[in-house]
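Some notes on the structure that comes next.
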Amino acid sequence: MPTKASDSPDQPDETPHYHGHRERLRERFYAAGPDALTDYELLEMALFAAIPRRDTKPLAKALLKKFGSFAEVVHAPVARLREVEGVRDASINQIKLLAAAAGRIAKGEIRRNIALSSWNDVIDYCRTGMAFADKEQFRLLFLDKRNQLIADEVQQTGTVDHTPVYPREVIKRALELSATALILVHNHPSGDPTPSQADIQMTKAIVDIAKPLGIAVHDHIIVGKNGHTSFKGMRLI
């Protein structure tokens, strides 16, 4: 039975060229490590499995030109990836596999470390999971008395510039998990991590409810593709 096009790797009717190029790229990767490769070369290699019979360099460069960086490519919404000529289902699956792997690795690092003594890991984890999302998300990191991660949950997903947050629901969930501390995290799809007045008021409301119950709010981190903001660092908490 013929294989459906959507079930097979991206294989345009084009004769393979640049024979040996893939092998040379692989050799450089294994000999010198990933730092020896540019972003487009890493993306090019990632697409090898999805596009076995075509040079993947032009597509890798087109994706980087559209989205700006390797991280922005792998976290780009599927609908926007499809806007790039040459991107088909197999390529999207491969790109999203990279995003899933990055998130799983970052989460593993957080779980193995004491959160507050590995702050850079916390920031990297938050940015990996949320900085390039196209909708606002409000995430909660629940910590125990040793500041180790109990749970990481996305409580709300909103629009491009707003996420409804209910402070009492935040604290209710913390009590259910016997958490003694929280780190609040949300993203700004605009890329600018500057807190709004609504962000500040919402954070204050959560702190005010949490404090009498013995639950500390260690920080509220806002992430965006242009960086991050820490309420603790700004002395807003």
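FYI, nothing fancy with the structure tokens labels: chains A, B, ... in order, residues from 1 per chain, ligands from 1 as they appear.
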Stretch 40-219 of chain A: residues DSSP assigns to strand (DSSP E), reported as a list in words: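 Going through stretch 40-219 of chain A, the strand (DSSP E) residues come out as Gln137, Phe138, Arg139, Leu140, Leu141, Phe142, Leu143, Leu149, Ile150, Ala151, Asp152, Glu153, Val154, Gln155, Gln156, Thr157, Ala181, Leu182, Ile183, Leu184, Val185, His186, Asn187, Ala216, Val217, His218 and Asp219 of chain A.
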What parts of stretch 11-175 of chain A does DSSP call alpha helix (DSSP H)? I'd like the answer as a PyMOL selection string. chain A and resi 21-32+39-46+57-67+70-74+78-81+89-112+119-130+167-175
Applying 12 Å and only C-alpha atoms, which residues near A:Phe29 remain after dropping the ones on its own chain fewer than 4 positions away? List them as a PyMOL selection string. chain A and resi 22-25+33-38+41-42+44-46
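Nearest residue to A:His75, choosing from A:Arg26, A:Lys61, A:Lys225, A:Lys145 and counting only C-alpha atoms: A:Lys225.
If you measure from each of A:Gln197, A:Ser178, A:Ser230, A:Asn120 to A:Leu213 using only C-alpha atoms, the closest one turns out to be A:Ser178.
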Taking into account only C-alpha atoms, which residue in the set A:Ala133, A:Ser91, A:Ala99, A:Asp39 is nearest to A:Ser69?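 The closest residue to A:Ser69 is A:Asp39.
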Kindly give the distance, in Å, that separates atom CA of A:Ala101 and atom CA of A:Pro195, rounded to a single decimal.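 Between these atoms lies a distance of 29.5 Å.
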Between atom CA of A:Leu81 and atom CA of A:Pro193, distance in Å (one decimal): 24.3 Å
Nearest to A:Ile183 by atom-to-atom distance, counting only C-alpha atoms, from A:Lys211, A:Arg139, A:Thr157, A:Ser196: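 Of A:Lys211, A:Arg139, A:Thr157, A:Ser196, the one nearest A:Ile183 is A:Arg139, counting only C-alpha atoms.
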Write out as a VMD selection string each polymer residue whose atoms come within 10 Å of stretch 121-132 of chain A, counting only C-alpha atoms; drop sequence neighbours fewer than 5 positions from it. chain A and resid 71 to 77 99 to 100 102 to 110 113 to 116 137 to 139 141 183 185 to 191 193 221 to 230
